[in-house]
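> Take a look at query-v3.txt, compact mmCIF, C-alpha atoms:
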# COMPACT_ATOMS: atom_id res chain seq x y z
CA MET A 357 0.00 0.00 0.00
CA ARG A 358 1.33 3.41 -1.07
CA ILE A 359 -0.46 6.56 0.02
CA SER A 360 0.02 9.99 -1.56
CA VAL A 361 -0.18 12.63 1.16
CA SER A 362 -1.81 15.92 0.17
CA LYS A 363 -0.50 19.42 0.84
CA SER A 364 -3.34 20.09 3.24
CA GLU A 365 -2.50 16.94 5.21
CA LEU A 366 1.15 17.99 5.41
CA GLU A 367 0.14 21.43 6.65
CA SER A 368 -2.18 20.01 9.32
CA GLY A 369 0.26 17.26 10.33
CA GLU A 370 -2.48 14.66 10.09
CA LEU A 371 -3.78 12.25 7.47
CA ASN A 372 -7.40 12.68 6.46
CA GLN A 373 -9.73 10.02 7.78
CA GLU A 374 -9.76 7.98 4.57
CA ASN A 375 -5.97 7.87 4.26
CA LEU A 376 -5.52 7.19 7.97
CA GLN A 377 -7.88 4.24 7.84
CA SER A 378 -6.15 2.93 4.71
CA ALA A 379 -2.75 3.19 6.41
CA LEU A 380 -3.94 1.42 9.57
CA ASN A 381 -5.63 -1.34 7.58
CA ALA A 382 -2.49 -1.89 5.52
CA ILE A 383 -0.26 -2.20 8.60
CA ARG A 384 -2.69 -4.54 10.33
CA GLU A 385 -3.44 -6.75 7.33
CA THR A 386 -0.45 -6.56 4.96
CA GLY A 387 2.14 -5.55 7.52
CA TYR A 388 3.36 -2.30 5.94
CA VAL A 389 2.45 1.01 4.34
CA ILE A 390 4.45 3.64 2.42
CA LEU A 391 3.58 7.31 2.95
CA LYS A 392 4.91 9.25 0.00
CA ASP A 393 7.02 12.41 0.18
CA ILE A 394 6.45 13.60 3.74
CA VAL A 395 10.06 14.51 4.66
CA ARG A 396 11.80 17.67 3.40
CA HIS A 397 14.41 16.95 0.75
CA ASP A 398 16.85 19.59 1.99
CA HIS A 399 16.93 17.91 5.39
CA LEU A 400 17.59 14.57 3.74
CA ASP A 401 20.41 16.06 1.64
CA ILE A 402 22.14 17.31 4.79
CA LEU A 403 21.76 13.92 6.46
CA ARG A 404 22.96 12.03 3.42
CA GLY A 405 26.14 14.08 3.20
CA LYS A 406 27.11 13.47 6.82
CA MET A 407 25.99 9.85 6.83
CA THR A 408 28.05 9.11 3.71
CA GLU A 409 31.15 10.40 5.51
CA ASP A 410 30.32 8.11 8.43
CA SER A 411 29.66 5.16 6.10
CA LEU A 412 33.12 5.42 4.59
CA ARG A 413 34.63 5.20 8.06
CA MET A 414 32.58 2.11 8.90
CA ILE A 415 33.28 0.43 5.55
CA GLN A 416 37.01 0.90 6.08
CA ASP A 417 36.69 -0.89 9.43
CA GLU A 418 34.37 -3.55 7.88
CA ARG A 419 31.82 -2.96 10.63
CA TRP A 420 29.10 -5.03 8.96
CA GLY A 421 25.85 -5.13 10.92
CA GLY A 422 22.18 -5.96 10.76
CA SER A 423 20.76 -9.46 10.42
CA GLY A 424 23.54 -11.98 9.81
CA ARG A 425 26.19 -9.24 9.75
CA THR A 426 26.21 -9.76 6.01
CA LYS A 427 28.94 -8.09 3.97
CA GLY A 428 27.94 -4.69 2.62
CA HIS A 429 25.26 -3.96 5.24
CA LEU A 430 25.99 -1.48 8.05
CA GLN A 431 24.16 -0.84 11.31
CA GLN A 432 24.29 2.93 10.96
CA GLY A 433 22.11 5.76 12.16
CA PRO A 434 22.07 9.52 11.66
CA PRO A 435 24.05 11.79 13.98
CA PRO A 436 21.91 12.37 17.10
CA PHE A 437 23.02 15.96 17.64
CA ASP A 438 22.54 19.44 16.21
CA PRO A 439 22.42 20.34 13.30
CA TYR A 440 21.41 16.85 12.11
CA VAL A 441 18.25 16.12 14.12
CA PHE A 442 15.15 17.32 12.25
CA PRO A 443 11.51 17.23 13.42
CA ASP A 444 10.25 15.69 10.18
CA VAL A 445 12.72 12.82 10.60
CA ALA A 446 12.89 12.20 14.35
CA ALA A 447 9.27 13.16 15.12
CA ASN A 448 7.40 13.36 11.81
CA PRO A 449 3.82 14.49 12.55
CA ILE A 450 2.23 12.42 9.77
CA VAL A 451 4.06 9.31 10.95
CA GLU A 452 3.20 10.00 14.58
CA HIS A 453 -0.45 10.59 13.72
CA THR A 454 -0.46 7.15 12.08
CA THR A 455 1.37 5.24 14.80
CA SER A 456 -0.38 6.93 17.72
CA SER A 457 -3.69 6.04 16.07
CA LEU A 458 -2.44 2.47 15.79
CA PHE A 459 -1.23 2.13 19.39
CA GLY A 460 -3.23 4.68 21.37
CA SER A 461 -1.87 6.84 24.18
CA GLY A 462 1.52 6.20 25.76
CA ALA A 463 3.31 5.00 22.62
CA PHE A 464 7.05 5.66 22.61
CA ASN A 465 10.12 5.44 20.38
CA SER A 466 12.78 2.86 21.33
CA PHE A 467 15.27 3.27 18.47
CA TYR A 468 17.00 5.96 16.45
CA ASN A 469 19.52 4.28 14.19
CA GLY A 470 19.32 2.60 10.82
CA ASN A 471 20.75 0.33 8.15
CA THR A 472 23.00 1.22 5.24
CA ASN A 473 23.25 -0.84 2.05
CA THR A 474 26.56 -0.32 0.26
CA PRO A 475 27.49 -1.12 -3.36
CA GLY A 476 28.34 -4.78 -3.86
CA SER A 477 26.44 -5.94 -0.78
CA GLU A 478 25.22 -9.49 -0.32
CA THR A 479 21.79 -10.93 0.50
CA GLN A 480 20.76 -11.07 4.15
CA PRO A 481 18.99 -14.09 5.65
CA LEU A 482 15.21 -13.81 5.69
CA HIS A 483 14.14 -12.75 9.17
CA MET A 484 11.83 -10.86 11.53
CA ASP A 485 13.13 -8.00 13.67
CA THR A 486 11.21 -9.20 16.71
CA GLY A 487 9.25 -12.29 17.62
CA HIS A 488 5.62 -12.82 18.54
CA LEU A 489 4.55 -12.03 22.09
CA TRP A 490 2.36 -15.13 22.09
CA PRO A 491 3.81 -17.73 19.68
CA ASN A 492 1.92 -20.34 17.68
CA ARG A 493 -1.25 -18.31 17.19
CA ASN A 494 -2.53 -18.13 13.62
CA PRO A 495 -3.37 -15.45 12.85
CA SER A 496 -1.02 -13.83 15.34
CA HIS A 497 -1.81 -10.96 17.70
CA PRO A 498 -2.20 -7.33 16.53
CA THR A 499 0.77 -5.06 15.84
CA HIS A 500 2.70 -3.98 18.94
CA MET A 501 5.86 -2.49 17.37
CA VAL A 502 6.55 -0.85 14.00
CA VAL A 503 9.73 0.17 12.22
CA VAL A 504 9.69 3.62 10.62
CA ASN A 505 12.16 3.71 7.70
CA ILE A 506 13.28 6.92 5.96
CA SER A 507 15.76 6.94 3.08
CA PRO A 508 17.61 10.14 2.10
CA LEU A 509 17.34 9.29 -1.61
CA ASP A 510 15.08 7.39 -4.00
CA THR A 511 14.93 3.73 -2.93
CA THR A 512 14.99 1.49 -5.99
CA GLU A 513 15.51 -2.15 -6.85
CA GLU A 514 18.93 -1.20 -8.22
CA ASN A 515 20.18 0.30 -4.95
CA GLY A 516 18.76 -2.47 -2.81
CA ALA A 517 15.22 -1.63 -1.74
CA VAL A 518 14.29 -3.97 1.10
CA GLU A 519 12.48 -7.22 0.26
CA LEU A 520 9.11 -7.44 2.07
CA TRP A 521 6.83 -10.46 2.52
CA PRO A 522 3.21 -9.23 2.77
CA GLY A 523 1.07 -10.65 5.54
CA THR A 524 3.81 -12.68 7.21
CA HIS A 525 3.58 -10.73 10.47
CA LEU A 526 0.44 -12.74 11.18
CA ILE A 527 2.10 -16.16 10.78
CA GLY A 528 2.55 -16.97 14.46
CA ASP A 529 4.26 -20.37 14.29
CA VAL A 530 7.49 -19.19 12.64
CA GLY A 531 10.57 -17.99 14.54
CA ARG A 532 12.63 -14.84 13.94
CA GLY A 533 14.97 -16.70 11.58
CA VAL A 534 12.77 -17.98 8.76
CA SER A 535 13.68 -21.48 7.56
CA PRO A 536 14.18 -22.30 3.86
CA GLY A 537 11.13 -24.57 4.04
CA ASP A 538 8.88 -21.85 5.41
CA GLU A 539 10.27 -19.41 2.86
CA ALA A 540 9.52 -21.73 -0.07
CA LYS A 541 6.01 -22.44 1.21
CA ARG A 542 5.17 -18.76 1.59
CA ARG A 543 6.69 -17.82 -1.77
CA ALA A 544 4.32 -20.22 -3.49
CA GLU A 545 1.36 -18.61 -1.72
CA VAL A 546 2.27 -14.89 -1.64
CA PRO A 547 5.60 -13.87 -3.23
CA PRO A 548 7.69 -11.01 -1.79
CA VAL A 549 7.67 -7.40 -3.02
CA ARG A 550 10.27 -4.65 -2.91
CA GLY A 551 9.92 -1.54 -0.74
CA THR A 552 10.71 0.96 -3.49
CA ALA A 553 9.82 4.56 -2.69
CA PRO A 554 10.68 8.07 -3.88
CA LYS A 555 12.90 10.34 -1.81
CA GLY A 556 11.07 11.84 1.16
CA SER A 557 8.82 8.83 1.64
CA VAL A 558 8.44 6.76 4.80
CA LEU A 559 7.96 3.00 5.09
CA ILE A 560 6.14 1.86 8.24
CA ARG A 561 6.16 -1.91 8.82
CA ASP A 562 5.24 -4.34 11.56
CA MET A 563 8.46 -5.55 13.19
CA ARG A 564 7.39 -9.16 12.71
CA LEU A 565 7.08 -8.81 8.93
CA TRP A 566 9.51 -11.11 7.13
CA HIS A 567 12.10 -9.11 5.21
CA ARG A 568 15.74 -8.96 4.20
CA GLY A 569 18.36 -6.68 2.76
CA VAL A 570 19.30 -7.49 -0.81
CA PRO A 571 22.30 -6.55 -3.00
CA ASN A 572 22.89 -2.91 -3.86
CA ARG A 573 23.81 -3.04 -7.54
CA SER A 574 24.25 0.73 -7.90
CA ASP A 575 27.40 2.77 -7.32
CA GLN A 576 25.80 4.77 -4.47
CA ILE A 577 25.60 4.13 -0.74
CA ARG A 578 21.91 3.84 0.21
CA HIS A 579 21.06 4.78 3.80
CA MET A 580 17.87 3.87 5.64
CA ILE A 581 17.15 5.69 8.90
CA ALA A 582 15.06 3.69 11.36
CA LEU A 583 12.88 4.47 14.36
CA VAL A 584 10.87 1.89 16.29
CA HIS A 585 7.50 3.01 17.67
CA CYS A 586 6.11 0.80 20.43
CA ALA A 587 2.82 0.31 22.23
CA GLY A 588 2.97 2.11 25.57
CA TRP A 589 2.61 -1.05 27.68
CA LEU A 590 5.85 -2.57 26.39
CA ARG A 591 9.01 -2.54 28.51
CA ARG A 592 11.36 0.37 27.89
CA GLY A 593 15.11 0.00 27.60
CA ARG A 594 17.55 2.80 28.37
CA PRO A 595 16.54 6.16 26.89
CA LEU A 596 17.80 7.32 23.52
CA ARG A 597 20.64 9.80 23.64
CA TYR A 598 20.62 13.09 21.75
CA GLY A 599 22.86 16.11 22.04
CA LYS A 600 21.89 19.04 24.22
CA GLY A 601 20.00 21.58 22.13
CA CYS A 602 17.80 19.03 20.34
CA GLU A 603 14.96 19.29 22.87
CA SER A 604 12.95 21.63 20.64
CA VAL A 605 12.76 18.98 17.92
CA PHE A 606 10.33 17.03 20.12
CA GLU A 607 8.22 19.92 21.45
CA ASN A 608 5.16 18.86 19.45
CA ALA A 609 5.81 15.12 19.46
CA VAL A 610 2.86 12.83 20.02
CA ILE A 611 5.05 9.74 20.37
CA ASP A 612 7.17 9.90 23.52
CA PRO A 613 10.78 10.34 22.29
CA ASN A 614 12.05 8.36 25.30
CA ALA A 615 15.13 10.59 25.27
CA VAL A 616 17.85 12.22 27.30
CA PHE A 617 19.86 15.20 26.06
CA LEU A 618 23.55 15.10 26.88
CA GLU A 619 26.25 17.73 27.04
CA GLU A 620 29.00 15.20 26.40
CA SER A 621 29.41 13.42 23.06
CA HIS A 622 29.37 9.65 22.54
CA ASP A 623 30.44 7.39 19.69
CA TYR A 624 27.01 7.14 18.08
CA LEU A 625 28.28 4.96 15.22
CA PHE A 626 29.44 2.11 17.43
CA ASP A 627 27.35 2.51 20.58
CA TYR A 628 23.75 2.33 19.44
CA ILE A 629 20.69 1.20 21.40
CA GLY A 630 18.85 -1.78 19.97
CA PRO A 631 15.06 -1.98 19.63
CA ASN A 632 12.99 -2.93 22.65
CA GLN A 633 12.64 -6.70 22.57
Using the file provided, produce a representation of the structure as structure tokens.

Amino acid sequence: MRISVSKSELESGELNQENLQSALNAIRETGYVILKDIVRHDHLDILRGKMTEDSLRMIQDERWGGSGRTKGHLQQGPPPFDPYVFPDVAANPIVEHTTSSLFGSGAFNSFYNGNTNTPGSETQPLHMDTGHLWPNRNPSHPTHMVVVNISPLDTTEENGAVELWPGTHLIGDVGRGVSPGDEAKRRAEVPPVRGTAPKGSVLIRDMRLWHRGVPNRSDQIRHMIALVHCAGWLRRGRPLRYGKGCESVFENAVIDPNAVFLEESHDYLFDYIGPNQ
């Protein structure tokens, strides 16, 4: 499901009722939705420039991350300090309207990091980012955590748009690492799709949705910023760390940023906080 967001919706910071219901239905039933062009391109250009510098440092050290620590994939987030923390990335009102409507009051963010797909990367194992709270129920329980993905450039099949398996978040008798047998069975029933999206778009997906990173066949590093919005009754880990001066970014946030703002710096590239499990 791809939803075009109107100018009036962007100005109000909320989806209209029809688009909101479509987005919620897509997340609940298919496991994902793409909201088109809701992040300012100039903000993404600034982030891409800095994140590319950081990527080159990580590539040199071969700090491969993500599922399987597969070559060419980096666990990399945006700098969590001024001037790189933007409201339409860290607390996008359209995204927060969607996820707060999904989870109700008390929802919070447990992650501000991301994944980078570099040229010549390999295929990740098929997996879920988190398991089911109550296993072996088919269909499984409703969504309790979603990943919010933002790419600073067009995401295409050539540069490694993520592979998504529609509806698999509701298959409750499969573990986080999907077996070849379960993969083959599902492929015959509902084949995977690719999460292609134009620059400025946001992919919201259930954390249990089967997916994997695939090869980046372009000559460009493709970043993917990630937040994880959680139902308010889930356990919280340690708060996310941002630089002092970023407090204003979250003044109008509906989703609790679950944050502390520090005077001292920390090595954000190699000391990230994982999603709430």
> Can you tell me how far atom CA of A:Pro495 sits from atom CA of A:Glu385, in Å to one decimal?
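One can read the atom CA of A:Pro495 to atom CA of A:Glu385 distance as 10.3 Å.
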> Could you pull the residues within 9 Å of A:Trp490, counting all atoms listed in the file, minus those fewer than 5 positions along the same chain, as a list in words?
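Everything that qualifies: Ser496, His497 and Gly528 of chain A.
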> Produce a file of the selected residues containing C-alpha atoms, as a PDB file, in the coordinates of the input.

ATOM      1  CA  SER A 496      -1.020 -13.830  15.340  1.00  0.00           C
ATOM      2  CA  HIS A 497      -1.810 -10.960  17.700  1.00  0.00           C
ATOM      3  CA  GLY A 528       2.550 -16.970  14.460  1.00  0.00           C
TER       4      GLY A 528
END
> Could you pull the residues within 8 Å of A:Gly516, counting only C-alpha atoms, minus those fewer than 4 positions along the same chain, as a list in words?
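Neighbouring residues, sequence-local ones excluded: Asn473, Thr511, Thr512, Gly569, Val570, Pro571, Asn572, Arg573 and Arg578 of chain A.
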> Nearest to A:Glu607 among A:Leu430, A:Ile383, A:Asn448, A:Pro435, with distances taken over only C-alpha atoms: which residue is it?
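For A:Glu607, the nearest of the given residues is A:Asn448.
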> Counting all atoms listed in the file, which of A:Lys427, A:Ile560, A:Leu520, A:Asn471 gets nearest to A:Ala379?
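So, comparing all the options, the nearest one is A:Ile560.
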> Please determine, counting all atoms listed in the file, which residue among A:His579, A:Arg594, A:His483, A:Arg413 has the shortest atom-to-atom distance to A:Val534.
A:His483
> Which residue gives the smallest distance to A:Val389 among A:Pro436, A:Pro547, A:Gly588, A:Pro522, with all atoms listed in the file counted?
A:Pro522
> Provide the atom CA of A:Glu513 to atom CA of A:Ser535 distance in Å, to one decimal place.
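Spanning atom CA of A:Glu513 to atom CA of A:Ser535 is a straight-line distance of 24.2 Å.
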> Go ahead and compute the interatomic distance for atom CA of A:Glu514 and atom CA of A:Ser574, in Å to one decimal.
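Going from atom CA of A:Glu514 over to atom CA of A:Ser574, I get 5.7 Å.
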> Find, counting all atoms listed in the file, the residue in A:Gln480, A:Asn505, A:Asn515, A:Thr474 that gets nearest to A:Met580.
A:Asn505
> Hey, which of A:Pro554, A:Gly433, A:Gly470, A:Pro536 ends up closest to A:Val395? Count all atoms listed in the file.
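Nearest candidate to A:Val395 out of A:Pro554, A:Gly433, A:Gly470, A:Pro536: A:Pro554.
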> Show me, as a PyMOL selection string, the residues that have an atom within 6 Å of A:His429 when counting all atoms listed in the file, minus same-chain residues fewer than 3 positions from it.
chain A and resi 420-421+426+472-473
> Is there a way to complete stretch 496-507 of chain A with all heavy atoms and then write that out as a CSV table (one decimal), keeping the file's coordinate frame?

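Written out: rebuild33.csv:
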chain,number,residue,atom,x,y,z
A,496,SER,N,-1.7,-14.3,14.1
A,496,SER,CA,-1.0,-13.8,15.3
A,496,SER,C,-1.7,-12.6,15.9
A,496,SER,O,-2.7,-12.1,15.3
A,496,SER,CB,0.5,-13.5,15.1
A,496,SER,OG,1.2,-13.3,16.3
A,497,HIS,N,-1.2,-12.1,17.0
A,497,HIS,CA,-1.8,-11.0,17.7
A,497,HIS,C,-1.6,-9.7,16.9
A,497,HIS,O,-0.8,-9.6,16.0
A,497,HIS,CB,-1.2,-10.8,19.1
A,497,HIS,CG,0.3,-10.7,19.1
A,497,HIS,ND1,0.9,-9.5,18.8
A,497,HIS,CD2,1.3,-11.6,19.3
A,497,HIS,CE1,2.2,-9.6,18.9
A,497,HIS,NE2,2.5,-10.9,19.2
A,498,PRO,N,-2.3,-8.6,17.2
A,498,PRO,CA,-2.2,-7.3,16.5
A,498,PRO,C,-0.8,-6.7,16.7
A,498,PRO,O,0.0,-7.1,17.6
A,498,PRO,CB,-3.3,-6.4,17.2
A,498,PRO,CG,-4.3,-7.4,17.7
A,498,PRO,CD,-3.5,-8.6,18.2
A,499,THR,N,-0.5,-5.8,15.9
A,499,THR,CA,0.8,-5.1,15.8
A,499,THR,C,1.1,-4.4,17.2
A,499,THR,O,0.2,-3.7,17.7
A,499,THR,CB,0.8,-4.0,14.7
A,499,THR,OG1,0.5,-4.6,13.5
A,499,THR,CG2,2.1,-3.3,14.7
A,500,HIS,N,2.3,-4.6,17.7
A,500,HIS,CA,2.7,-4.0,18.9
A,500,HIS,C,3.9,-3.1,18.8
A,500,HIS,O,4.3,-2.3,19.6
A,500,HIS,CB,2.9,-5.0,20.0
A,500,HIS,CG,4.1,-6.0,19.8
A,500,HIS,ND1,4.1,-6.9,18.7
A,500,HIS,CD2,5.3,-6.1,20.4
A,500,HIS,CE1,5.2,-7.6,18.8
A,500,HIS,NE2,5.9,-7.1,19.8
A,501,MET,N,4.7,-3.3,17.7
A,501,MET,CA,5.9,-2.5,17.4
A,501,MET,C,6.0,-2.3,15.8
A,501,MET,O,5.7,-3.2,15.1
A,501,MET,CB,7.1,-3.2,17.9
A,501,MET,CG,7.2,-3.5,19.3
A,501,MET,SD,8.6,-4.5,19.8
A,501,MET,CE,10.0,-3.4,19.6
A,502,VAL,N,6.3,-1.1,15.4
A,502,VAL,CA,6.6,-0.8,14.0
A,502,VAL,C,7.9,-0.2,13.8
A,502,VAL,O,8.4,0.6,14.6
A,502,VAL,CB,5.5,0.0,13.4
A,502,VAL,CG1,4.1,-0.7,13.3
A,502,VAL,CG2,5.4,1.4,14.0
A,503,VAL,N,8.5,-0.5,12.7
A,503,VAL,CA,9.7,0.2,12.2
A,503,VAL,C,9.3,1.3,11.3
A,503,VAL,O,8.5,1.1,10.4
A,503,VAL,CB,10.7,-0.8,11.5
A,503,VAL,CG1,12.0,-0.1,11.1
A,503,VAL,CG2,11.0,-2.0,12.4
A,504,VAL,N,9.9,2.5,11.5
A,504,VAL,CA,9.7,3.6,10.6
A,504,VAL,C,11.0,3.8,9.8
A,504,VAL,O,12.0,4.2,10.4
A,504,VAL,CB,9.3,4.9,11.5
A,504,VAL,CG1,9.2,6.1,10.6
A,504,VAL,CG2,8.1,4.6,12.3
A,505,ASN,N,11.0,3.6,8.5
A,505,ASN,CA,12.2,3.7,7.7
A,505,ASN,C,12.1,4.9,6.8
A,505,ASN,O,11.1,5.1,6.1
A,505,ASN,CB,12.3,2.5,6.8
A,505,ASN,CG,12.9,1.3,7.6
A,505,ASN,OD1,12.5,0.1,7.3
A,505,ASN,ND2,13.8,1.5,8.5
A,506,ILE,N,13.2,5.7,6.8
A,506,ILE,CA,13.3,6.9,6.0
A,506,ILE,C,14.6,6.8,5.2
A,506,ILE,O,15.7,6.7,5.8
A,506,ILE,CB,13.3,8.2,6.8
A,506,ILE,CG1,12.0,8.2,7.7
A,506,ILE,CG2,13.4,9.4,6.0
A,506,ILE,CD1,12.1,9.3,8.8
A,507,SER,N,14.5,6.9,3.9
A,507,SER,CA,15.8,6.9,3.1
A,507,SER,C,16.0,8.3,2.5
A,507,SER,O,15.1,9.0,2.0
A,507,SER,CB,15.7,6.0,1.9
A,507,SER,OG,16.8,5.9,1.2
